[in-house]
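Have a look at final.txt; it's compact mmCIF, C-alpha atoms:
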# COMPACT_ATOMS: atom_id res chain seq x y z
CA MET A 300 -2.93 60.66 19.31
CA ASP A 301 -0.46 58.43 17.41
CA SER A 302 -2.65 55.39 18.06
CA LEU A 303 -5.73 57.27 16.85
CA ARG A 304 -3.90 58.39 13.73
CA SER A 305 -2.77 54.81 13.03
CA LEU A 306 -6.31 53.51 13.43
CA MET A 307 -7.84 56.22 11.28
CA ASN A 308 -5.26 55.87 8.51
CA GLY A 309 -5.42 52.11 8.42
CA THR A 310 -2.31 50.68 10.02
CA LEU A 311 -4.22 49.24 13.00
CA SER A 312 -7.55 48.63 11.31
CA TRP A 313 -7.06 44.96 10.46
CA ARG A 314 -7.79 43.94 14.06
CA TRP A 315 -10.79 46.24 14.29
CA CYS A 316 -12.51 46.14 10.90
CA PRO A 317 -14.49 43.02 9.93
CA THR A 318 -12.68 42.54 6.61
CA SER A 319 -10.06 40.39 4.93
CA ALA A 320 -8.65 39.69 1.47
CA SER A 321 -10.83 36.59 1.18
CA GLN A 322 -13.95 38.56 2.11
CA LEU A 323 -13.13 41.13 -0.58
CA GLU A 324 -12.63 38.33 -3.11
CA GLU A 325 -16.04 36.88 -2.23
CA ALA A 326 -17.67 40.33 -2.39
CA GLU A 327 -16.23 40.84 -5.87
CA LYS A 328 -17.58 37.44 -6.99
CA ARG A 329 -21.05 38.45 -5.83
CA MET A 330 -20.80 41.77 -7.71
CA LEU A 331 -19.87 40.05 -10.97
CA ALA A 332 -22.22 37.05 -10.54
CA PRO A 333 -25.10 38.56 -12.61
CA LEU A 334 -22.92 38.62 -15.75
CA GLN A 335 -23.71 35.84 -18.22
CA SER A 336 -20.53 36.25 -20.25
CA LYS A 337 -17.41 34.29 -19.45
CA ILE A 338 -14.97 36.44 -17.47
CA CYS A 339 -11.24 35.98 -17.81
CA SER A 340 -9.87 36.77 -14.36
CA GLU A 341 -6.25 37.13 -13.32
CA MET A 342 -3.78 38.82 -11.01
CA VAL A 343 -1.27 40.47 -13.36
CA ASP A 344 2.32 40.68 -12.15
CA ILE A 345 3.70 44.17 -12.86
CA GLY A 346 7.01 43.76 -11.03
CA ASP A 347 8.37 45.12 -7.74
CA GLY A 348 6.26 42.56 -5.89
CA CYS A 349 3.00 44.16 -7.09
CA LYS A 350 0.02 42.61 -8.84
CA VAL A 351 -2.95 44.23 -10.54
CA ARG A 352 -6.39 42.64 -10.37
CA SER A 353 -7.64 42.34 -13.94
CA ILE A 354 -10.73 41.01 -15.71
CA SER A 355 -11.73 40.88 -19.36
CA ILE A 356 -14.70 39.80 -21.47
CA LYS A 357 -14.37 38.68 -25.09
CA PRO A 358 -16.80 40.04 -27.69
CA THR A 359 -20.08 38.18 -27.93
CA GLU A 360 -20.77 38.94 -31.59
CA PRO A 361 -18.96 37.05 -34.38
CA ASP A 362 -16.29 38.74 -36.51
CA SER A 363 -15.43 41.21 -33.73
CA ASP A 364 -11.76 40.31 -33.31
CA GLU A 365 -10.60 43.32 -35.35
CA HIS A 366 -12.54 45.85 -33.30
CA ILE A 367 -10.61 48.13 -30.96
CA PRO A 368 -10.50 46.93 -27.34
CA LEU A 369 -11.89 49.08 -24.53
CA VAL A 370 -10.16 49.56 -21.17
CA LEU A 371 -12.13 50.79 -18.12
CA VAL A 372 -10.47 52.61 -15.19
CA HIS A 373 -12.56 53.05 -12.03
CA GLY A 374 -12.56 56.06 -9.73
CA PHE A 375 -11.69 56.64 -6.07
CA GLY A 376 -12.75 53.82 -3.76
CA GLY A 377 -13.95 51.58 -6.58
CA GLY A 378 -12.91 48.38 -8.32
CA VAL A 379 -13.79 46.16 -11.26
CA GLY A 380 -17.16 45.28 -9.74
CA ILE A 381 -18.61 48.75 -10.20
CA TRP A 382 -18.81 48.14 -13.99
CA VAL A 383 -21.36 45.31 -13.63
CA LYS A 384 -24.00 47.35 -15.53
CA ASN A 385 -21.62 48.12 -18.39
CA LEU A 386 -19.31 45.18 -19.08
CA GLU A 387 -21.66 43.00 -21.14
CA GLU A 388 -23.30 45.83 -23.07
CA LEU A 389 -19.92 47.24 -24.06
CA SER A 390 -18.46 43.86 -25.04
CA HIS A 391 -20.89 42.93 -27.83
CA HIS A 392 -18.40 43.92 -30.53
CA ARG A 393 -15.07 44.23 -28.72
CA ALA A 394 -12.99 42.90 -25.90
CA VAL A 395 -13.46 44.90 -22.68
CA TYR A 396 -10.84 45.05 -19.94
CA ALA A 397 -11.14 46.41 -16.40
CA PHE A 398 -8.65 46.43 -13.57
CA ASP A 399 -8.30 47.59 -9.99
CA LEU A 400 -5.98 50.57 -9.77
CA LEU A 401 -2.83 49.95 -7.76
CA GLY A 402 -3.71 50.55 -4.10
CA PHE A 403 -7.42 49.85 -4.62
CA GLY A 404 -9.68 46.82 -4.79
CA ARG A 405 -7.81 43.52 -4.96
CA SER A 406 -4.63 44.98 -6.47
CA SER A 407 -1.48 45.25 -4.38
CA ARG A 408 -1.40 48.07 -1.86
CA PRO A 409 2.16 49.41 -1.81
CA MET A 410 3.51 52.48 -0.09
CA PHE A 411 3.25 55.45 -2.46
CA SER A 412 5.46 58.54 -2.60
CA GLN A 413 4.61 61.64 -0.57
CA CYS A 414 5.16 63.79 -3.68
CA PRO A 415 1.94 64.39 -5.66
CA VAL A 416 3.73 64.44 -9.03
CA GLU A 417 5.49 61.18 -8.25
CA VAL A 418 2.25 59.58 -7.01
CA GLU A 419 0.54 60.39 -10.30
CA SER A 420 3.50 58.92 -12.16
CA GLN A 421 3.37 55.76 -10.04
CA PHE A 422 -0.29 55.26 -10.91
CA VAL A 423 0.30 55.89 -14.61
CA ASP A 424 3.37 53.67 -14.81
CA SER A 425 1.47 50.84 -13.11
CA ILE A 426 -1.21 51.08 -15.83
CA GLU A 427 1.47 50.86 -18.51
CA LYS A 428 3.09 47.85 -16.82
CA TRP A 429 -0.34 46.17 -16.67
CA ARG A 430 -0.87 46.88 -20.39
CA ALA A 431 2.53 45.48 -21.32
CA SER A 432 1.99 42.38 -19.19
CA ILE A 433 -1.30 41.43 -20.82
CA GLY A 434 -0.08 42.33 -24.32
CA LEU A 435 -2.53 45.08 -25.35
CA GLU A 436 -1.21 47.24 -28.18
CA LYS A 437 -3.79 50.00 -28.74
CA PHE A 438 -7.20 50.65 -27.20
CA VAL A 439 -9.90 53.12 -26.27
CA LEU A 440 -9.20 54.28 -22.71
CA LEU A 441 -12.15 55.21 -20.49
CA GLY A 442 -11.75 56.50 -16.96
CA HIS A 443 -14.23 57.69 -14.35
CA SER A 444 -13.49 60.45 -11.79
CA LEU A 445 -9.97 59.79 -10.45
CA GLY A 446 -9.68 57.14 -13.16
CA ALA A 447 -10.43 59.82 -15.77
CA PHE A 448 -7.69 62.04 -14.36
CA LEU A 449 -5.25 59.13 -14.62
CA ALA A 450 -6.52 58.18 -18.09
CA ALA A 451 -5.73 61.69 -19.30
CA SER A 452 -2.29 61.56 -17.67
CA TYR A 453 -1.59 58.10 -19.15
CA SER A 454 -2.62 59.28 -22.63
CA MET A 455 -0.19 62.18 -22.44
CA LYS A 456 2.69 59.94 -21.37
CA PHE A 457 1.91 56.98 -23.67
CA PRO A 458 0.01 58.46 -26.65
CA GLU A 459 1.08 55.65 -28.96
CA ARG A 460 -1.18 53.25 -27.03
CA VAL A 461 -4.42 55.25 -27.09
CA GLU A 462 -6.86 55.59 -30.02
CA HIS A 463 -9.45 57.64 -28.12
CA VAL A 464 -9.81 58.91 -24.56
CA VAL A 465 -13.18 58.96 -22.80
CA LEU A 466 -13.32 60.94 -19.55
CA ALA A 467 -16.45 60.17 -17.53
CA ASP A 468 -17.24 62.93 -15.02
CA PRO A 469 -13.51 63.58 -14.52
CA TRP A 470 -12.05 64.67 -11.21
CA GLY A 471 -9.07 66.97 -10.94
CA PHE A 472 -9.55 69.34 -13.87
CA PRO A 473 -10.36 72.78 -12.36
CA LYS A 474 -7.98 74.94 -10.39
CA ARG A 475 -8.76 75.57 -6.74
CA PRO A 476 -10.31 79.04 -6.40
CA PRO A 477 -8.18 81.30 -4.19
CA ASP A 478 -11.16 82.00 -1.95
CA ALA A 479 -12.37 78.37 -1.61
CA ALA A 480 -11.56 78.15 2.10
CA GLU A 481 -13.11 81.53 2.82
CA LYS A 482 -16.32 80.64 0.99
CA PHE A 483 -16.60 77.40 2.93
CA ALA A 484 -15.97 79.19 6.22
CA ARG A 485 -18.73 81.72 5.45
CA ARG A 486 -21.33 79.21 4.33
CA ALA A 487 -20.70 76.12 6.45
CA PRO A 488 -22.07 75.79 9.99
CA LEU A 489 -19.64 75.72 12.89
CA TRP A 490 -19.89 71.93 13.33
CA ALA A 491 -18.97 71.36 9.68
CA ARG A 492 -15.94 73.63 9.90
CA ALA A 493 -14.83 71.85 13.07
CA LEU A 494 -15.30 68.42 11.44
CA VAL A 495 -13.23 69.38 8.38
CA ARG A 496 -10.42 70.65 10.59
CA LEU A 497 -10.55 67.52 12.75
CA MET A 498 -10.45 65.13 9.78
CA GLU A 499 -7.84 66.99 7.71
CA PRO A 500 -4.85 64.88 8.92
CA PHE A 501 -6.63 61.64 8.04
CA ASN A 502 -7.45 59.75 4.87
CA PRO A 503 -10.86 60.43 3.25
CA LEU A 504 -12.51 57.18 4.41
CA ALA A 505 -10.75 56.95 7.75
CA GLY A 506 -14.01 57.37 9.66
CA MET A 507 -15.45 54.23 8.10
CA ARG A 508 -12.48 52.16 9.25
CA ALA A 509 -12.42 53.81 12.66
CA ALA A 510 -16.03 52.65 13.11
CA GLY A 511 -14.75 49.05 13.13
CA PRO A 512 -17.62 46.55 13.29
CA TRP A 513 -20.09 49.39 12.65
CA GLY A 514 -18.31 50.30 9.39
CA PRO A 515 -20.52 48.22 7.07
CA GLY A 516 -23.62 49.90 8.48
CA LEU A 517 -21.97 53.30 8.26
CA ILE A 518 -21.33 52.98 4.52
CA VAL A 519 -25.01 52.12 4.01
CA TRP A 520 -25.96 55.20 6.03
CA MET A 521 -23.48 57.44 4.20
CA ARG A 522 -24.34 56.33 0.66
CA PRO A 523 -27.91 54.96 0.53
CA ASP A 524 -28.10 56.14 -3.09
CA PHE A 525 -25.93 53.22 -4.21
CA LYS A 526 -28.80 50.82 -3.57
CA ASP A 527 -30.92 52.74 -6.06
CA LYS A 528 -28.09 52.90 -8.62
CA TYR A 529 -27.90 49.10 -8.77
CA LYS A 530 -31.50 48.16 -7.92
CA THR A 531 -32.04 46.55 -11.34
CA VAL A 532 -29.17 44.15 -10.58
CA PHE A 533 -29.23 43.56 -6.81
CA ALA A 534 -32.07 43.47 -4.31
CA ASP A 535 -29.78 43.09 -1.28
CA ASP A 536 -26.66 44.79 0.12
CA THR A 537 -24.21 43.29 -2.40
CA VAL A 538 -22.98 46.71 -3.56
CA PHE A 539 -22.48 48.04 -0.03
CA ASN A 540 -20.67 44.86 0.98
CA TYR A 541 -18.31 45.19 -2.00
CA LEU A 542 -17.58 48.87 -1.44
CA TYR A 543 -16.99 48.28 2.25
CA HIS A 544 -14.43 45.53 1.72
CA CYS A 545 -12.75 47.53 -1.08
CA ASN A 546 -12.19 50.41 1.32
CA ALA A 547 -11.72 48.71 4.70
CA GLN A 548 -8.40 47.23 3.56
CA THR A 549 -5.06 49.02 4.01
CA PRO A 550 -5.73 52.48 2.48
CA SER A 551 -2.75 52.55 0.12
CA GLY A 552 -4.44 54.13 -2.92
CA GLU A 553 -6.58 56.28 -0.64
CA SER A 554 -3.44 57.74 0.96
CA ALA A 555 -1.97 58.32 -2.50
CA PHE A 556 -5.13 60.19 -3.54
CA LYS A 557 -4.89 62.36 -0.44
CA THR A 558 -1.30 63.23 -1.38
CA MET A 559 -2.59 64.43 -4.76
CA THR A 560 -5.27 66.69 -3.26
CA GLU A 561 -5.53 70.00 -1.48
CA SER A 562 -8.20 70.89 1.06
CA PHE A 563 -11.78 70.18 -0.04
CA GLY A 564 -10.65 67.70 -2.72
CA TRP A 565 -9.02 70.00 -5.27
CA ALA A 566 -6.17 68.53 -7.33
CA LYS A 567 -2.75 69.93 -6.46
CA HIS A 568 -1.80 69.71 -10.14
CA PRO A 569 -5.01 70.40 -12.08
CA MET A 570 -5.40 68.65 -15.41
CA ILE A 571 -6.77 71.77 -17.10
CA ASP A 572 -3.28 73.28 -16.90
CA ARG A 573 -1.83 70.54 -19.11
CA ILE A 574 -4.59 68.90 -21.14
CA HIS A 575 -3.32 70.91 -24.14
CA LYS A 576 -0.22 68.68 -24.05
CA LEU A 577 -2.28 65.65 -25.08
CA ASP A 578 -1.24 64.64 -28.61
CA HIS A 579 -3.46 66.59 -31.00
CA SER A 580 -4.25 63.45 -33.01
CA ILE A 581 -5.94 61.70 -30.07
CA PRO A 582 -9.72 62.34 -29.98
CA LEU A 583 -11.25 63.13 -26.61
CA THR A 584 -14.80 62.63 -25.35
CA MET A 585 -15.92 64.05 -22.00
CA ILE A 586 -19.17 62.80 -20.45
CA TYR A 587 -20.81 64.59 -17.52
CA GLY A 588 -23.90 63.98 -15.43
CA SER A 589 -26.38 66.86 -15.32
CA ARG A 590 -26.67 66.43 -11.53
CA SER A 591 -22.98 65.91 -10.85
CA TRP A 592 -20.87 68.21 -8.71
CA MET A 593 -18.09 68.06 -11.31
CA ASP A 594 -17.58 71.25 -13.34
CA ILE A 595 -18.88 70.68 -16.89
CA SER A 596 -17.38 74.01 -17.96
CA MET A 597 -14.04 72.18 -17.96
CA GLY A 598 -15.26 70.40 -21.07
CA ASP A 599 -15.75 73.67 -22.93
CA LYS A 600 -12.43 74.95 -21.61
CA THR A 601 -10.71 71.81 -22.88
CA LYS A 602 -12.24 72.45 -26.30
CA GLU A 603 -10.70 75.93 -26.29
CA LEU A 604 -7.30 74.56 -25.30
CA ARG A 605 -7.35 71.92 -28.08
CA PRO A 606 -8.68 73.94 -31.05
CA TYR A 607 -7.21 71.62 -33.69
CA SER A 608 -8.25 68.36 -32.06
CA HIS A 609 -11.50 66.43 -31.73
CA VAL A 610 -13.11 67.23 -28.36
CA GLU A 611 -16.71 66.25 -27.75
CA VAL A 612 -18.58 67.11 -24.56
CA LYS A 613 -21.68 65.10 -23.65
CA GLN A 614 -24.12 65.49 -20.77
CA ILE A 615 -26.42 62.74 -19.53
CA ASP A 616 -29.68 64.10 -18.16
CA LYS A 617 -30.63 63.24 -14.56
CA ALA A 618 -27.31 61.47 -13.92
CA GLY A 619 -25.06 62.29 -11.00
CA HIS A 620 -21.33 61.72 -10.62
CA HIS A 621 -21.65 57.95 -11.09
CA ILE A 622 -23.04 58.25 -14.61
CA TYR A 623 -22.08 54.68 -15.57
CA SER A 624 -24.58 53.31 -13.02
CA ASP A 625 -27.06 56.21 -12.69
CA LYS A 626 -27.96 56.08 -16.39
CA SER A 627 -26.16 52.99 -17.62
CA GLU A 628 -28.15 52.61 -20.87
CA GLU A 629 -27.37 56.15 -22.04
CA PHE A 630 -23.77 55.84 -20.87
CA ASN A 631 -23.27 52.51 -22.66
CA GLN A 632 -24.78 53.92 -25.85
CA ILE A 633 -22.41 56.91 -25.90
CA VAL A 634 -19.36 54.73 -25.25
CA THR A 635 -20.43 52.19 -27.88
CA GLU A 636 -20.84 54.98 -30.45
CA VAL A 637 -17.37 56.32 -29.64
CA CYS A 638 -15.79 52.89 -30.04
CA SER A 639 -17.70 52.23 -33.28
CA ARG A 640 -16.38 55.50 -34.75
CA VAL A 641 -12.86 54.43 -33.84
CA ASP A 642 -13.46 51.09 -35.58
CA LEU A 643 -14.60 52.90 -38.75
CA ASP A 644 -11.62 55.26 -38.68
CA LEU A 645 -9.20 52.35 -38.36
CA GLN A 646 -10.81 50.62 -41.34
CA GLN A 647 -10.13 53.61 -43.60
CA PRO A 648 -7.24 53.02 -46.01
Is it possible to express this structure as structure tokens?
Amino acid sequence: MDSLRSLMNGTLSWRWCPTSASQLEEAEKRMLAPLQSKICSEMVDIGDGCKVRSISIKPTEPDSDEHIPLVLVHGFGGGVGIWVKNLEELSHHRAVYAFDLLGFGRSSRPMFSQCPVEVESQFVDSIEKWRASIGLEKFVLLGHSLGAFLAASYSMKFPERVEHVVLADPWGFPKRPPDAAEKFARRAPLWARALVRLMEPFNPLAGMRAAGPWGPGLIVWMRPDFKDKYKTVFADDTVFNYLYHCNAQTPSGESAFKTMTESFGWAKHPMIDRIHKLDHSIPLTMIYGSRSWMDISMGDKTKELRPYSHVEVKQIDKAGHHIYSDKSEEFNQIVTEVCSRVDLDLQQP
């Protein structure tokens, strides 16, 4: 059982999974290859032996140096490559930065705390160390899913750095209903209940790593929709290859995410309980997909909890959870409008 647990949770997977750091680096290059803009790429030292994978694109339009920069934070299992449909569109008038969260992508994969509050703090502090290392002063902060949860947490802890927060289909806002387990038990078939119980001790993507050489094919089988999301950019399996190598490595960030969650993916410390603590002067935009499983009512609830602050809730029609790729044109337009409003506000005397 101990050997199975080690394999499933990643400590033995290097000899079994067809992956390596160099393969992940090559997969990232292929993901970013369609971009015509020059990419500044670096591994940013944040101390304690950790580095954060970081990329940036300078604005393509002249006289854009004074415009507010935009920082993108990916969600669970992602990395800088997932923004391939957004980076150039969003960088016409401003510098755009993206990085791999600590424990994900090509960033260092340290051992995180077993305390959910401390794990959240470790993520947030690593973002601040990255910011300080590259010399960013203030910016618009955009996060997707887990990245949105962390963007909200960062903005509460370091409000002096954030001009506007954009939360794209955020994870971790609602409280877990007291009858969640009972509802699942009533509705789910016996095999599903047995599978959930079997997999509970393991990390979320443990099955993919346990599949070893069949893992790349398994991710294609599990998420065929990703091919459609990026079909205007890639005709082959570039996206699947990237996502596989991002998640076949040591599951450091994945384990940290599991520490932050209860059964069925609910946050142990829901953001809705503390979003009112966000500095009232910081505007907030929440963007949801109409077909997402995330609870859009959390947007309206956030409005109620911040009655004297700017809170705007947007919904993109026919978009799922991955709104930045499902409907990239609409997503890019909303984000560009947000950033342009910030530019205008900063120009006011």
For range 420-436 of chain A, work out the shell of residues within 7 Å, counting only C-alpha atoms and skipping chain neighbours fewer than 5 positions away, then give it as a compact mmCIF listing (two decimals) with C-alpha atoms, in the coordinates of the input.
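Wrote it out as result.txt, contents follow:
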# COMPACT_ATOMS: atom_id res chain seq x y z
CA VAL A 343 -1.27 40.47 -13.36
CA ILE A 345 3.70 44.17 -12.86
CA VAL A 351 -2.95 44.23 -10.54
CA LEU A 401 -2.83 49.95 -7.76
CA LEU A 449 -5.25 59.13 -14.62
CA SER A 452 -2.29 61.56 -17.67
CA TYR A 453 -1.59 58.10 -19.15
CA ARG A 460 -1.18 53.25 -27.03
(message) Using Å and a single decimal, report how far CA of Phe398 in chain A sits from CA of Ile354 in chain A.
(response)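 CA of Ile354 in chain A sits 6.2 Å away from CA of Phe398 in chain A.
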(message) (-9.9, 58.1, -28.1) in this file's frame - what residues fall within 12 Å of it? Use only C-alpha atoms and give the answer as a ChimeraX atom specification.
(response) /A:367-370,437-442,450-451,454-455,458-466,577-585,608-611,634,636-642,644-645
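In this structure, CA of Asn546 in chain A sits 9.7 Å away from CA of Phe375 in chain A.
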(message) as a ChimeraX atom specification, please: the residues near Asp536 in chain A (cut-off 10 Å, only C-alpha atoms, same-chain neighbours under 6 positions excluded).
(response) /A:515,519,525-526,529-530
(request) For Ala332 in chain A, please output as a PyMOL selection string all residues within 12 Å (counting all atoms listed in the file; exclusion window: fewer than 2 positions along the same chain). (result) chain A and resi 325-330+334-338+380+383-384+532-533+537-538
(message) Counting all atoms listed in the file, which residue out of A:Met342, A:Pro550, A:Glu419, A:Asp524 sits closest to Ser624 in chain A?
(response)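 The closest residue to Ser624 in chain A is A:Asp524.
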(request) Record the distance separating CA of Tyr543 in chain A and CA of Pro523 in chain A, expressed in Å with one decimal. (result) 12.9 Å
(request) Determine the nearest neighbour of Phe457 in chain A from the options A:Ala397, A:Glu324, A:Gln614, A:Lys576, counting all atoms listed in the file. (result)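 Result for the nearest residue to Phe457 in chain A: A:Lys576.
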(request) Determine, counting only C-alpha atoms, which protein, DNA and RNA residues have an atom within 7 Å of an atom of Gly588 in chain A; residues of the same chain fewer than 3 positions away are not included. Present the result as a ChimeraX atom specification. (result) /A:468,591,614-620,622
(message) Restricting the calculation to all atoms listed in the file: of A:Pro473, A:Pro569, A:Pro409, A:Gly516, which residue gets closest to Ser554 in chain A?
(response) A:Pro409
(message) Considering all atoms listed in the file, can you say which of A:Trp382, A:Trp315, A:Phe448, A:Phe403 comes closest to Ile574 in chain A?
(response) A:Phe448
(request) Rank A:Ala555, A:Leu331, A:Met570, A:Met597 by their smallest atom-to-atom distance to Pro415 in chain A, using all atoms listed in the file, and report the top residue only. (result)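 Closest to Pro415 in chain A of all the choices is A:Ala555.
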